[in-house]
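S.K.: So that you have it, the file is work36.cif, and it contains mmCIF, C-alpha atoms:
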```cif
data_coords
loop_
_atom_site.label_atom_id
_atom_site.label_comp_id
_atom_site.auth_asym_id
_atom_site.auth_seq_id
_atom_site.Cartn_x
_atom_site.Cartn_y
_atom_site.Cartn_z
CA MET L 1434 19.20 -29.79 -0.45
CA ALA L 1435 16.32 -31.31 1.50
CA ALA L 1436 18.36 -34.39 2.37
CA LEU L 1437 21.39 -32.36 3.45
CA LYS L 1438 19.24 -30.02 5.50
CA ARG L 1439 17.59 -32.94 7.30
CA ARG L 1440 21.05 -34.24 8.20
CA GLY L 1441 21.53 -31.07 10.22
CA LEU L 1442 23.74 -29.27 7.72
CA ASP L 1443 23.45 -25.57 6.93
CA VAL L 1444 23.08 -25.39 3.15
CA ALA L 1445 24.06 -22.39 1.01
CA PRO L 1446 21.97 -22.57 -2.20
CA PHE L 1447 22.92 -21.05 -5.55
CA LYS L 1448 21.46 -21.06 -9.05
CA VAL L 1449 23.56 -20.75 -12.19
CA GLY L 1450 21.83 -18.60 -14.78
CA PRO L 1451 19.16 -15.89 -14.76
CA ASP L 1452 16.29 -17.99 -13.36
CA PHE L 1453 14.01 -16.67 -10.58
CA ILE L 1454 11.77 -19.67 -9.85
CA ASP L 1455 14.33 -22.29 -8.79
CA PRO L 1456 15.98 -19.98 -6.22
CA GLY L 1457 12.59 -19.47 -4.61
CA HIS L 1458 12.24 -23.23 -4.05
CA HIS L 1459 15.84 -23.43 -2.82
CA SER L 1460 15.08 -20.85 -0.15
CA ARG L 1461 11.92 -22.67 0.93
CA ILE L 1462 13.91 -25.87 1.41
CA THR L 1463 17.04 -24.49 3.06
CA GLY L 1464 15.78 -21.42 4.88
CA ALA L 1465 18.65 -19.47 3.28
CA VAL L 1466 18.57 -16.95 0.44
CA SER L 1467 19.50 -18.51 -2.90
CA ARG L 1468 21.84 -16.38 -5.00
CA ASN L 1469 22.14 -16.24 -8.78
CA LEU L 1470 25.54 -16.84 -10.37
CA ASP L 1471 26.01 -16.04 -14.05
CA GLY L 1472 29.12 -16.12 -16.21
CA TRP L 1473 27.74 -13.82 -18.91
CA MET L 1474 25.69 -11.25 -17.02
CA LEU L 1475 28.19 -10.89 -14.19
CA PRO L 1476 32.00 -10.56 -14.06
CA LYS L 1477 34.07 -13.46 -12.73
CA SER L 1478 35.11 -11.40 -9.71
CA TYR L 1479 31.49 -10.73 -8.79
CA ASN L 1480 30.59 -14.42 -8.99
CA LEU L 1481 33.58 -15.42 -6.86
CA LYS L 1482 32.78 -12.84 -4.21
CA CYS L 1483 29.09 -13.74 -4.12
CA PHE L 1484 29.79 -17.46 -3.81
CA ARG L 1485 32.59 -17.27 -1.25
CA LYS L 1486 30.80 -14.74 0.92
CA ASN L 1487 27.62 -16.80 1.18
CA ALA L 1488 29.19 -20.28 1.11
CA SER L 1489 31.52 -19.40 3.97
CA LYS L 1490 28.52 -19.16 6.29
CA ALA L 1491 27.33 -22.73 5.59
CA ASP L 1492 28.43 -26.35 6.04
CA VAL L 1493 27.88 -27.20 2.38
CA ALA L 1494 27.10 -25.26 -0.80
CA VAL L 1495 24.91 -26.56 -3.62
CA ALA L 1496 24.78 -24.75 -6.96
CA GLU L 1497 22.06 -25.90 -9.35
CA GLY L 1498 23.16 -25.69 -12.97
CA VAL L 1499 21.43 -24.15 -15.95
CA MET L 1500 20.24 -26.13 -19.00
CA GLY L 1501 22.83 -28.70 -20.12
CA LEU L 1502 26.29 -28.68 -18.56
CA PHE L 1503 27.98 -26.88 -21.47
CA ASP L 1504 25.02 -24.77 -22.65
CA GLY L 1505 25.34 -21.01 -22.30
CA TYR L 1506 25.35 -17.78 -24.26
CA ASP L 1507 26.10 -19.36 -27.64
CA GLY L 1508 27.45 -22.50 -29.31
CA ARG L 1509 31.04 -21.29 -29.64
CA SER L 1510 32.02 -20.51 -26.06
CA GLU L 1511 31.38 -21.62 -22.49
CA ALA L 1512 30.17 -18.16 -21.44
CA GLY L 1513 27.20 -18.40 -19.12
CA SER L 1514 27.40 -22.20 -18.78
CA THR L 1515 27.40 -24.40 -15.70
CA ALA L 1516 30.78 -25.78 -16.75
CA GLN L 1517 32.32 -22.32 -16.79
CA MET L 1518 30.96 -21.54 -13.33
CA ALA L 1519 32.13 -24.88 -11.90
CA LYS L 1520 35.69 -24.14 -13.08
CA TRP L 1521 35.62 -20.57 -11.81
CA LEU L 1522 34.51 -21.70 -8.35
CA GLY L 1523 36.54 -24.91 -8.23
CA LEU L 1524 33.45 -27.06 -7.74
CA PRO L 1525 33.05 -30.72 -8.77
CA VAL L 1526 30.08 -31.44 -11.01
CA ILE L 1527 27.34 -33.97 -10.35
CA LEU L 1528 26.23 -35.02 -13.82
CA VAL L 1529 22.51 -35.86 -13.89
CA VAL L 1530 21.57 -38.03 -16.87
CA SER L 1531 18.00 -38.80 -17.84
CA ALA L 1532 18.20 -42.53 -18.52
CA LYS L 1533 14.60 -43.14 -19.50
CA SER L 1534 14.52 -45.83 -22.23
CA MET L 1535 18.34 -46.00 -22.22
CA ALA L 1536 20.78 -48.76 -21.32
CA ARG L 1537 24.36 -49.12 -22.63
CA SER L 1538 24.05 -45.93 -24.69
CA ALA L 1539 24.02 -44.00 -21.42
CA ALA L 1540 27.70 -44.91 -20.95
CA ALA L 1541 28.59 -43.36 -24.30
CA LEU L 1542 26.76 -40.20 -23.32
CA VAL L 1543 28.56 -39.99 -19.95
CA GLN L 1544 31.90 -40.71 -21.60
CA GLY L 1545 31.34 -37.82 -24.01
CA PHE L 1546 30.63 -35.38 -21.19
CA GLU L 1547 33.64 -36.64 -19.27
CA ARG L 1548 36.02 -36.09 -22.19
CA PHE L 1549 34.59 -32.84 -23.56
CA ASP L 1550 36.45 -30.50 -21.18
CA LYS L 1551 39.60 -31.87 -19.51
CA ASP L 1552 39.67 -28.98 -17.02
CA LEU L 1553 36.33 -29.93 -15.51
CA THR L 1554 36.14 -32.09 -12.36
CA PHE L 1555 33.27 -34.53 -11.81
CA ALA L 1556 32.05 -35.79 -8.46
CA GLY L 1557 30.02 -38.48 -10.20
CA VAL L 1558 26.91 -39.28 -12.19
CA ILE L 1559 23.30 -39.78 -11.08
CA PHE L 1560 20.83 -41.46 -13.42
CA ASN L 1561 17.37 -39.89 -13.43
CA ASN L 1562 14.02 -41.38 -14.46
CA ILE L 1563 15.06 -45.01 -14.16
CA GLY L 1564 12.37 -47.66 -14.49
CA SER L 1565 13.53 -50.37 -12.07
CA LYS L 1566 16.44 -51.73 -10.02
CA ARG L 1567 17.35 -53.98 -12.91
CA HIS L 1568 17.45 -50.96 -15.22
CA PHE L 1569 19.91 -49.30 -12.83
CA GLU L 1570 22.09 -52.43 -12.82
CA TYR L 1571 22.29 -52.30 -16.64
CA LEU L 1572 23.42 -48.67 -16.45
CA LYS L 1573 26.12 -49.36 -13.86
CA GLU L 1574 27.41 -52.33 -15.87
CA ALA L 1575 27.64 -50.09 -18.96
CA LEU L 1576 29.81 -47.59 -17.09
CA GLU L 1577 32.34 -50.19 -15.92
CA GLY L 1578 35.61 -49.79 -17.78
CA ASN L 1579 34.22 -46.99 -19.96
CA VAL L 1580 34.18 -43.96 -17.69
CA LYS L 1581 36.23 -42.72 -14.76
CA MET L 1582 33.56 -40.98 -12.72
CA LEU L 1583 31.68 -42.72 -9.96
CA CYS L 1584 28.02 -43.61 -10.15
CA LEU L 1585 26.47 -41.99 -7.09
CA GLY L 1586 23.02 -43.52 -7.53
CA SER L 1587 19.77 -43.15 -9.39
CA ILE L 1588 16.39 -41.46 -9.13
CA PRO L 1589 13.37 -43.69 -9.79
CA TYR L 1590 10.39 -41.82 -11.16
CA ASP L 1591 7.98 -40.73 -8.41
CA LYS L 1592 4.84 -38.92 -9.48
CA VAL L 1593 4.20 -37.63 -5.96
CA ILE L 1594 7.31 -35.42 -5.95
CA THR L 1595 6.83 -34.18 -9.51
CA MET L 1596 6.30 -30.43 -9.42
CA PRO L 1597 3.71 -28.62 -11.60
CA GLU L 1598 4.94 -26.46 -14.48
CA ARG L 1599 3.66 -23.61 -16.63
CA HIS L 1600 4.94 -21.53 -19.55
CA LEU L 1601 7.87 -19.90 -17.69
CA GLY L 1602 8.94 -23.05 -15.85
CA LEU L 1603 7.98 -24.55 -12.50
CA VAL L 1604 5.12 -23.06 -10.53
CA THR L 1605 6.60 -20.54 -8.08
CA SER L 1606 7.28 -21.19 -4.41
CA GLN L 1607 4.65 -18.58 -3.56
CA GLU L 1608 1.93 -20.61 -5.29
CA HIS L 1609 3.34 -24.05 -4.52
CA PRO L 1610 4.87 -23.91 -1.04
CA LEU L 1611 6.50 -27.19 -0.12
CA SER L 1612 4.92 -28.86 2.90
CA GLY L 1613 6.91 -30.61 5.60
CA GLU L 1614 5.60 -33.92 4.33
CA TYR L 1615 6.72 -33.09 0.80
CA LYS L 1616 10.21 -32.10 1.99
CA ASP L 1617 10.48 -35.35 3.93
CA ARG L 1618 9.51 -37.34 0.85
CA LEU L 1619 12.17 -35.54 -1.19
CA ALA L 1620 14.79 -36.26 1.46
CA ASP L 1621 13.66 -39.89 1.79
CA HIS L 1622 13.91 -40.37 -1.97
CA ILE L 1623 17.49 -39.06 -2.03
CA GLU L 1624 18.66 -40.94 1.06
CA LYS L 1625 17.27 -44.19 -0.32
CA ASN L 1626 18.77 -43.88 -3.79
CA ILE L 1627 21.88 -41.67 -3.61
CA ASP L 1628 25.17 -42.34 -1.78
CA ILE L 1629 25.21 -39.08 0.15
CA LYS L 1630 28.13 -40.07 2.40
CA THR L 1631 30.43 -40.79 -0.53
CA LEU L 1632 29.36 -37.57 -2.20
CA LEU L 1633 30.11 -35.48 0.89
CA ASP L 1634 33.48 -37.18 1.30
CA LEU L 1635 34.37 -36.21 -2.28
CA LEU L 1636 33.66 -32.52 -1.83
CA PRO L 1637 36.62 -30.14 -1.54
CA GLU L 1638 36.94 -28.05 1.59
CA ASP L 1639 36.35 -24.35 1.11
CA LYS L 1640 39.08 -22.70 3.15
CA SER L 1641 38.01 -19.15 2.33
CA THR L 1642 36.63 -17.04 5.13
CA GLU L 1643 33.73 -14.65 5.34
CA GLU L 1644 36.13 -11.88 6.34
CA LYS L 1645 38.24 -12.40 3.24
CA PHE L 1646 35.31 -12.36 0.85
CA GLY L 1647 32.84 -10.40 2.96
CA ASP L 1648 31.18 -7.22 1.82
CA THR L 1649 33.34 -4.45 3.21
CA ASP L 1650 31.74 -1.67 1.17
CA PHE L 1651 30.20 1.15 3.13
CA THR L 1652 26.42 0.91 3.61
CA ILE L 1653 24.48 4.17 3.58
CA LYS L 1654 21.92 4.59 6.33
CA ALA L 1655 18.42 4.16 4.91
CA ASP L 1656 17.03 7.57 4.01
CA VAL L 1657 14.56 6.78 1.21
CA ARG L 1658 11.56 4.44 1.05
CA ILE L 1659 11.04 2.33 -2.08
CA GLY L 1660 7.81 0.37 -2.44
CA LEU L 1661 8.58 -3.20 -3.53
CA ALA L 1662 5.70 -5.06 -5.24
CA ARG L 1663 5.67 -8.55 -3.74
CA ASP L 1664 2.86 -11.09 -4.12
CA ASN L 1665 1.90 -14.02 -6.37
CA ALA L 1666 1.85 -11.73 -9.43
CA PHE L 1667 5.22 -10.05 -8.73
CA CYS L 1668 7.88 -12.32 -7.30
CA PHE L 1669 10.82 -12.29 -9.74
CA TYR L 1670 13.70 -10.38 -8.15
CA TYR L 1671 17.44 -10.94 -7.99
CA GLN L 1672 18.19 -10.85 -4.27
CA ASP L 1673 21.46 -9.07 -5.02
CA ASN L 1674 19.51 -6.24 -6.68
CA LEU L 1675 17.50 -5.73 -3.51
CA ASN L 1676 20.59 -5.88 -1.29
CA MET L 1677 22.38 -3.35 -3.48
CA LEU L 1678 19.46 -0.92 -3.24
CA GLU L 1679 19.55 -1.29 0.54
CA LYS L 1680 23.31 -0.78 0.59
CA ASN L 1681 22.81 2.54 -1.16
CA GLY L 1682 20.30 3.81 1.38
CA ALA L 1683 16.93 2.33 0.40
CA GLN L 1684 14.40 0.95 2.82
CA LEU L 1685 12.36 -1.57 0.83
CA VAL L 1686 8.70 -1.54 1.84
CA GLU L 1687 6.75 -4.50 0.46
CA PHE L 1688 3.21 -4.09 -0.82
CA SER L 1689 0.78 -6.14 -2.90
CA PRO L 1690 -0.72 -4.65 -6.08
CA MET L 1691 -3.22 -7.50 -5.88
CA ASP L 1692 -4.44 -7.23 -2.30
CA ASP L 1693 -3.50 -3.83 -0.84
CA ARG L 1694 -5.91 -0.98 -1.58
CA SER L 1695 -3.28 1.72 -1.24
CA LEU L 1696 0.46 2.22 -1.53
CA PRO L 1697 2.57 2.33 1.63
CA GLU L 1698 2.89 5.82 3.06
CA ASN L 1699 5.71 8.24 2.33
CA LEU L 1700 7.25 6.43 -0.63
CA ASP L 1701 10.06 7.98 -2.64
CA GLY L 1702 10.05 5.35 -5.40
CA ILE L 1703 8.44 2.12 -6.62
CA TYR L 1704 10.00 -1.11 -7.94
CA LEU L 1705 7.77 -3.65 -9.72
CA GLY L 1706 9.59 -6.87 -10.57
CA GLY L 1707 8.55 -9.64 -12.90
CA GLY L 1708 6.19 -12.52 -12.35
CA TYR L 1709 2.80 -13.58 -13.64
CA PRO L 1710 0.49 -10.55 -13.87
CA GLU L 1711 -1.34 -12.28 -16.72
CA LEU L 1712 -2.48 -15.07 -14.39
CA PHE L 1713 -3.85 -12.57 -11.88
CA ALA L 1714 -4.96 -9.93 -14.38
CA LYS L 1715 -8.56 -9.72 -13.15
CA GLN L 1716 -7.55 -9.31 -9.52
CA LEU L 1717 -4.98 -6.66 -10.44
CA SER L 1718 -7.48 -4.88 -12.65
CA ASP L 1719 -10.22 -4.95 -10.01
CA ASN L 1720 -7.90 -3.19 -7.55
CA VAL L 1721 -8.73 0.19 -9.08
CA SER L 1722 -7.46 2.29 -6.19
CA MET L 1723 -3.97 0.77 -6.41
CA ARG L 1724 -3.81 1.24 -10.18
CA ARG L 1725 -4.83 4.87 -9.86
CA GLN L 1726 -2.34 5.60 -7.09
CA ILE L 1727 0.56 4.18 -9.08
CA LYS L 1728 -0.41 6.19 -12.16
CA GLU L 1729 -0.74 9.36 -10.07
CA SER L 1730 2.66 8.68 -8.52
CA SER L 1731 4.12 8.39 -12.02
CA LYS L 1732 2.49 11.66 -13.08
CA LYS L 1733 4.00 13.38 -10.04
CA ASP L 1734 7.47 12.33 -11.25
CA MET L 1735 8.07 9.69 -8.58
CA PRO L 1736 10.75 7.24 -9.80
CA VAL L 1737 8.92 4.05 -10.85
CA TYR L 1738 10.75 1.06 -12.29
CA GLY L 1739 9.02 -1.98 -13.83
CA GLU L 1740 10.63 -5.11 -15.31
CA CYS L 1741 8.79 -7.62 -17.52
CA GLY L 1742 5.65 -8.43 -15.51
CA GLY L 1743 6.03 -5.14 -13.66
CA PHE L 1744 6.30 -3.34 -17.00
CA MET L 1745 3.14 -5.10 -18.22
CA TYR L 1746 1.30 -3.83 -15.14
CA LEU L 1747 2.47 -0.28 -15.85
CA CYS L 1748 0.98 -0.45 -19.36
CA ARG L 1749 -2.60 0.43 -20.29
CA GLU L 1750 -3.99 -3.11 -20.36
CA ILE L 1751 -3.20 -6.83 -20.56
CA CYS L 1752 -4.93 -8.85 -23.27
CA ASP L 1753 -5.07 -12.59 -22.72
CA THR L 1754 -5.12 -15.39 -25.31
CA LYS L 1755 -8.91 -15.71 -25.05
CA GLY L 1756 -9.66 -12.16 -26.15
CA ASN L 1757 -10.20 -10.69 -22.70
CA SER L 1758 -8.74 -7.29 -21.84
CA TYR L 1759 -7.87 -6.09 -18.33
CA PRO L 1760 -7.08 -2.43 -17.54
CA MET L 1761 -3.78 -1.89 -15.73
CA ALA L 1762 -2.03 1.16 -14.27
CA GLY L 1763 -1.81 3.04 -17.58
CA CYS L 1764 1.51 4.80 -17.04
CA PHE L 1765 2.44 3.73 -20.58
CA PRO L 1766 -0.09 3.97 -23.44
CA PHE L 1767 0.59 0.38 -24.54
CA ALA L 1768 -1.38 -2.84 -24.37
CA THR L 1769 0.45 -6.13 -23.81
CA GLN L 1770 -0.83 -9.17 -25.67
CA MET L 1771 -0.31 -12.69 -24.33
CA PHE L 1772 0.48 -15.58 -26.69
CA THR L 1773 0.64 -19.34 -26.31
CA ARG L 1774 4.14 -19.38 -27.78
CA LEU L 1775 7.39 -17.87 -26.61
CA LYS L 1776 8.00 -14.35 -27.92
CA SER L 1777 11.46 -13.59 -26.59
CA LEU L 1778 14.24 -15.39 -24.73
CA GLY L 1779 17.90 -14.65 -24.13
CA TYR L 1780 20.65 -12.52 -22.65
CA ARG L 1781 20.62 -8.81 -23.39
CA GLU L 1782 23.11 -5.97 -23.09
CA ILE L 1783 21.63 -2.50 -23.05
CA LYS L 1784 23.31 0.79 -23.75
CA LEU L 1785 21.51 3.78 -22.30
CA VAL L 1786 20.79 6.53 -24.83
CA LYS L 1787 19.55 8.91 -22.13
CA ASP L 1788 20.05 9.43 -18.40
CA THR L 1789 17.57 7.17 -16.59
CA LEU L 1790 16.85 5.58 -13.21
CA THR L 1791 19.45 2.89 -13.96
CA GLY L 1792 22.34 4.98 -15.18
CA LYS L 1793 23.73 7.73 -17.36
CA ARG L 1794 23.73 8.01 -21.11
CA GLY L 1795 26.34 5.76 -22.73
CA GLU L 1796 26.57 3.30 -19.83
CA THR L 1797 25.90 -0.40 -20.37
CA ILE L 1798 24.22 -2.97 -18.15
CA ARG L 1799 23.35 -6.62 -18.73
CA GLY L 1800 20.26 -8.69 -18.16
CA HIS L 1801 17.90 -11.29 -19.55
CA GLU L 1802 14.39 -11.53 -20.95
CA PHE L 1803 11.89 -14.38 -21.20
CA HIS L 1804 8.23 -13.75 -21.97
CA TYR L 1805 5.15 -14.92 -23.84
CA SER L 1806 3.73 -11.46 -24.52
CA GLU L 1807 4.52 -8.44 -26.62
CA ILE L 1808 3.45 -4.81 -26.59
CA LYS L 1809 0.88 -3.35 -28.95
CA VAL L 1810 1.74 0.27 -29.64
CA PRO L 1811 -1.12 2.65 -30.61
CA ARG L 1812 -0.78 4.74 -33.76
CA ASP L 1813 0.39 7.62 -31.62
CA LYS L 1814 2.49 5.97 -28.93
CA ASN L 1815 2.26 9.15 -26.86
CA GLU L 1816 -1.52 9.04 -26.45
CA ASP L 1817 -3.62 6.49 -24.60
CA LYS L 1818 -7.30 5.74 -25.26
CA ASN L 1819 -8.37 8.17 -22.53
CA GLY L 1820 -6.70 11.04 -24.31
CA ASP L 1821 -3.90 11.48 -21.78
CA ARG L 1822 -0.77 12.84 -23.38
CA ASN L 1823 2.36 11.06 -22.19
CA LYS L 1824 5.73 11.71 -23.73
CA VAL L 1825 7.16 8.20 -24.20
CA GLU L 1826 10.86 7.97 -24.96
CA THR L 1827 12.80 4.88 -25.98
CA VAL L 1828 16.00 4.84 -23.92
CA TYR L 1829 17.61 1.39 -24.39
CA ASN L 1830 19.76 0.35 -27.32
CA VAL L 1831 19.63 -3.43 -26.95
CA SER L 1832 22.13 -6.00 -28.21
CA ALA L 1833 21.45 -9.72 -28.14
CA ARG L 1834 24.09 -12.13 -29.45
CA ALA L 1835 27.18 -10.68 -31.10
CA GLY L 1836 26.20 -8.98 -34.31
CA ILE L 1837 22.46 -9.31 -33.74
CA LYS L 1838 20.51 -6.19 -32.84
CA LYS L 1839 17.10 -6.05 -31.26
CA THR L 1840 14.58 -3.28 -31.67
CA ASP L 1841 15.33 -0.40 -29.35
CA GLU L 1842 13.54 -0.88 -26.06
CA GLY L 1843 13.23 0.60 -22.57
CA TYR L 1844 10.36 3.07 -22.24
CA LEU L 1845 10.44 6.28 -20.24
CA VAL L 1846 7.52 8.48 -19.21
CA ASN L 1847 8.30 11.22 -16.68
CA ARG L 1848 10.54 9.26 -14.26
CA THR L 1849 8.81 5.96 -14.93
CA LEU L 1850 11.05 3.38 -16.64
CA GLY L 1851 9.70 0.10 -17.98
CA SER L 1852 11.15 -2.78 -19.99
CA TYR L 1853 10.77 -6.50 -20.63
CA ILE L 1854 14.43 -6.95 -19.65
CA HIS L 1855 15.37 -8.07 -16.13
CA LEU L 1856 18.58 -6.21 -15.32
CA HIS L 1857 21.13 -7.54 -12.86
CA PHE L 1858 22.66 -4.61 -11.01
CA GLY L 1859 25.74 -6.73 -10.36
CA SER L 1860 26.74 -6.13 -13.98
CA ARG L 1861 26.95 -2.42 -13.14
CA PRO L 1862 26.61 -1.69 -9.41
CA GLU L 1863 26.23 2.01 -10.17
CA ALA L 1864 22.72 1.21 -11.44
CA ALA L 1865 21.41 0.56 -7.93
CA ALA L 1866 23.07 3.72 -6.63
CA CYS L 1867 21.54 5.71 -9.49
CA PHE L 1868 18.01 4.42 -8.78
CA VAL L 1869 18.29 5.30 -5.08
CA GLU L 1870 19.71 8.74 -5.91
CA PHE L 1871 16.72 9.45 -8.18
CA CYS L 1872 14.46 8.55 -5.25
CA ARG L 1873 16.51 10.74 -2.92
CA ASN L 1874 16.17 13.71 -5.29
CA TYR L 1875 12.43 13.14 -5.57
CA LYS L 1876 12.18 13.17 -1.77
CA LYS L 1877 14.04 16.50 -1.62
CA GLU L 1878 11.76 17.96 -4.28
CA SER L 1879 8.68 16.79 -2.40
CA ILE L 1880 9.91 18.33 0.85
CA TYR L 1881 10.70 21.58 -0.95
CA GLU L 1882 7.25 21.72 -2.56
CA THR L 1883 5.62 21.06 0.82
#
```
With the file now loaded, output its structure as C-alpha cells.
M.R.:
Amino acid sequence: MAALKRRGLDVAPFKVGPDFIDPGHHSRITGAVSRNLDGWMLPKSYNLKCFRKNASKADVAVAEGVMGLFDGYDGRSEAGSTAQMAKWLGLPVILVVSAKSMARSAAALVQGFERFDKDLTFAGVIFNNIGSKRHFEYLKEALEGNVKMLCLGSIPYDKVITMPERHLGLVTSQEHPLSGEYKDRLADHIEKNIDIKTLLDLLPEDKSTEEKFGDTDFTIKADVRIGLARDNAFCFYYQDNLNMLEKNGAQLVEFSPMDDRSLPENLDGIYLGGGYPELFAKQLSDNVSMRRQIKESSKKDMPVYGECGGFMYLCREICDTKGNSYPMAGCFPFATQMFTRLKSLGYREIKLVKDTLTGKRGETIRGHEFHYSEIKVPRDKNEDKNGDRNKVETVYNVSARAGIKKTDEGYLVNRTLGSYIHLHFGSRPEAAACFVEFCRNYKKESIYET
C-alpha cells in the first residue's frame, strides 16, 4: 500500500476477517478508511456492496487476507476465508510464502496451494523472510516447471520495518503511528524487491461504478448525540458500525475516558468499543470524575453499550496478572481478571432473549470475540462491593461453531448492555437503527422530565 500510494495511486484498503488493528495501519498508510470484509459474519451481498462502493473511488484496491489462504470458520468449509472472499469479489490472490530455512520444498508448498481450489485465481507468489539473493535464486529455480503462477519477488528480512506486537496482535496505529521515514522505507523495500509493474498489469479492471453500488438508502438527519470513546484504550470499531449509526440519525461525539474529565454535553447514549483498557488501567481508574459520570448516566437509564474492552471498563474493576486491582465505572458488579493466556477466540452468533439496544427478542446478530481476560462474578451477581443493587440480566444466547454452545452472555443493567463480543451491525442492519432509536427515546424522556 505504501509503495502504491507513493506512485501517486489512490488506494482503497480492505481487511478480510474481524481484525481491528490492521485496518488502522492501512488507514495511516493510505489516508483512506479501511473496511472489514467477512464471509461468515456478513452476507455475500453486503461484502460485494461494501467492496464495490469503496473500490470504485480508488485507482487500485488491496485486500489483506486473514490467517492462511484457506483458513476460516472451520476445517470443513471455506466460510470466512480469504479464498472465499477472493472468489466472491473476483480478485486474484498474491500468495505470500514464508521461505525461511526453505529451498526446493517451497515449490511443493506453492504447488499444493495452486491445486487446492481450481476456482481460485493467483496473481503470483512472493517469498517472505529470505536470507540472501542466492536463497531467492534457489526458490525461483524450484518453481520452474512445477507451478504455473509467476514469482513476483521476495522480501528480505529487515529488522527496521518489523512492527512491535502484543497479545492481541500488532501494536495499534494509535500507539505506533508510522512516520514518513518509516513509510518511505516500506515503499523502498517493496520497489526494490517486488515487480510492481507486472503485478499492476495483471490486475483485472473493476468496471463497476459508484452509482451502481453506492449507498442509496435514506440517511436520517442527525437528531441524537452518542458519545464515542476514542483513545489509546478504546480504538476497536468497525467503521461500518459507526457509519450505520450515523445513517440512522446519530451524531458521534468522540471523547477520551483516559484524558477527558467529563462527558461531552447533551449526550443521548454512549458507545465504548474494544481496545486495551488493561494497559491503561491506572490512567482510566485515576480519572474518577469520568467513571462516576458514566455510572450515573447508566443509573439514569441512558443507553450505554460496551464491547470487550468497553465492557471491561463498565465493570467494577480490572485485575491484572500481577495482582493489582483498578476500579472502573462499576455499572456491572463484576471484576475482570487478566491472564497471560488466551481465554476466548472465535466467531459468535447471538440470539437475543430479551429486547435490548441491539435488537428485539428472538433476533440474531453475528460477531467475534478475542480476549485474554474473563469476568469474576460475585456470589450475588446483582450486588457490588459498595452495596449498590443492580438487576443484571443475561440477554444473549451465544452459539460458537455448529453444535457447540457457549455460556449465555450479554449483560444488561437498566439500559446498559455489555459483552465480550464485538458485533458487526452489517450482519443485521436493524441493530444500528435499534440502538439509535433507544437513544432517541431516552432524549424524549429527558425532555419530558425537564
S.K.: Report the residues retrieved by the PyMOL selection byres ((chain L and resi 1757-1770) around 7) from the displayed file, expressed as a ChimeraX atom specification.
M.R.: /L:1714-1715,1718,1724-1725,1727-1728,1731,1745-1753,1755-1756,1771-1772,1806-1811,1814-1817
S.K.: Can you list what the PyMOL selection byres ((chain L and resi 1774) around 12) grabs from this structure, as a PyMOL selection string?
M.R.: chain L and resi 1599-1601+1754+1770-1773+1775-1778+1803-1807
S.K.: On this file, the PyMOL selection byres ((chain L and resi 1732) around 10) gives some set of residues; write that set as a PyMOL selection string.
M.R.: chain L and resi 1726-1731+1733-1736+1764+1823+1846-1849
S.K.: Please, could you write that set of residues out with C-alpha atoms as a short mmCIF file (atom, residue, chain, number, x, y, z; two decimals), keeping the file's coordinate frame?
M.R.:
```cif
data_model
loop_
_atom_site.label_atom_id
_atom_site.label_comp_id
_atom_site.auth_asym_id
_atom_site.auth_seq_id
_atom_site.Cartn_x
_atom_site.Cartn_y
_atom_site.Cartn_z
CA GLN L 1726 -2.34 5.60 -7.09
CA ILE L 1727 0.56 4.18 -9.08
CA LYS L 1728 -0.41 6.19 -12.16
CA GLU L 1729 -0.74 9.36 -10.07
CA SER L 1730 2.66 8.68 -8.52
CA SER L 1731 4.12 8.39 -12.02
CA LYS L 1733 4.00 13.38 -10.04
CA ASP L 1734 7.47 12.33 -11.25
CA MET L 1735 8.07 9.69 -8.58
CA PRO L 1736 10.75 7.24 -9.80
CA CYS L 1764 1.51 4.80 -17.04
CA ASN L 1823 2.36 11.06 -22.19
CA VAL L 1846 7.52 8.48 -19.21
CA ASN L 1847 8.30 11.22 -16.68
CA ARG L 1848 10.54 9.26 -14.26
CA THR L 1849 8.81 5.96 -14.93
#
```
S.K.: Got a sec to check which residues sit within 10 Å of (15.1, -38.6, -7.0), counting only C-alpha atoms, and write them as a tab-separated table (two decimals) with C-alpha atoms, keeping the file's coordinate frame?
M.R.:
```
chain	number	residue	atom	x	y	z
L	1559	ILE	CA	23.30	-39.78	-11.08
L	1560	PHE	CA	20.83	-41.46	-13.42
L	1561	ASN	CA	17.37	-39.89	-13.43
L	1562	ASN	CA	14.02	-41.38	-14.46
L	1563	ILE	CA	15.06	-45.01	-14.16
L	1586	GLY	CA	23.02	-43.52	-7.53
L	1587	SER	CA	19.77	-43.15	-9.39
L	1588	ILE	CA	16.39	-41.46	-9.13
L	1589	PRO	CA	13.37	-43.69	-9.79
L	1590	TYR	CA	10.39	-41.82	-11.16
L	1591	ASP	CA	7.98	-40.73	-8.41
L	1594	ILE	CA	7.31	-35.42	-5.95
L	1595	THR	CA	6.83	-34.18	-9.51
L	1618	ARG	CA	9.51	-37.34	0.85
L	1619	LEU	CA	12.17	-35.54	-1.19
L	1620	ALA	CA	14.79	-36.26	1.46
L	1621	ASP	CA	13.66	-39.89	1.79
L	1622	HIS	CA	13.91	-40.37	-1.97
L	1623	ILE	CA	17.49	-39.06	-2.03
L	1624	GLU	CA	18.66	-40.94	1.06
L	1625	LYS	CA	17.27	-44.19	-0.32
L	1626	ASN	CA	18.77	-43.88	-3.79
L	1627	ILE	CA	21.88	-41.67	-3.61
```
S.K.: Quick one: pull the distance between CA of Val1869 (chain L) and CA of Tyr1780 (chain L), Å, one decimal.
M.R.: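 About the pair CA of Val1869 (chain L) and CA of Tyr1780 (chain L): they are 25.1 Å apart.
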S.K.: So the first atom is CA of Gly1545 (chain L) and the second is CA of Ala1532 (chain L); what is the distance between them in Å, to one decimal place?
M.R.: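 We find that CA of Gly1545 (chain L) and CA of Ala1532 (chain L) lie 15.0 Å from each other.
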S.K.: Rounded to one decimal, what separation in Å do you get between CA of Met1691 (chain L) and CA of Gln1716 (chain L)?
M.R.: 5.9 Å
S.K.: Tell me, as a list in words, which residues lie within 9 Å of Thr1797 (chain L), counting only C-alpha atoms; anything in the same chain fewer than 3 positions away does not count.
M.R.: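 So, after excluding close chain neighbours, the residues are Glu1782, Ile1783, Lys1784, Leu1785, Gly1792, Lys1793, Arg1794, Ser1860 and Arg1861 of chain L.
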S.K.: If we count all atoms listed in the file, what is near Leu1856 (chain L) at a cut-off of 8 Å, once residues fewer than 5 positions away on the same chain are taken out, given as an MDAnalysis selection string?
M.R.: chainID L and resid 1798:1801
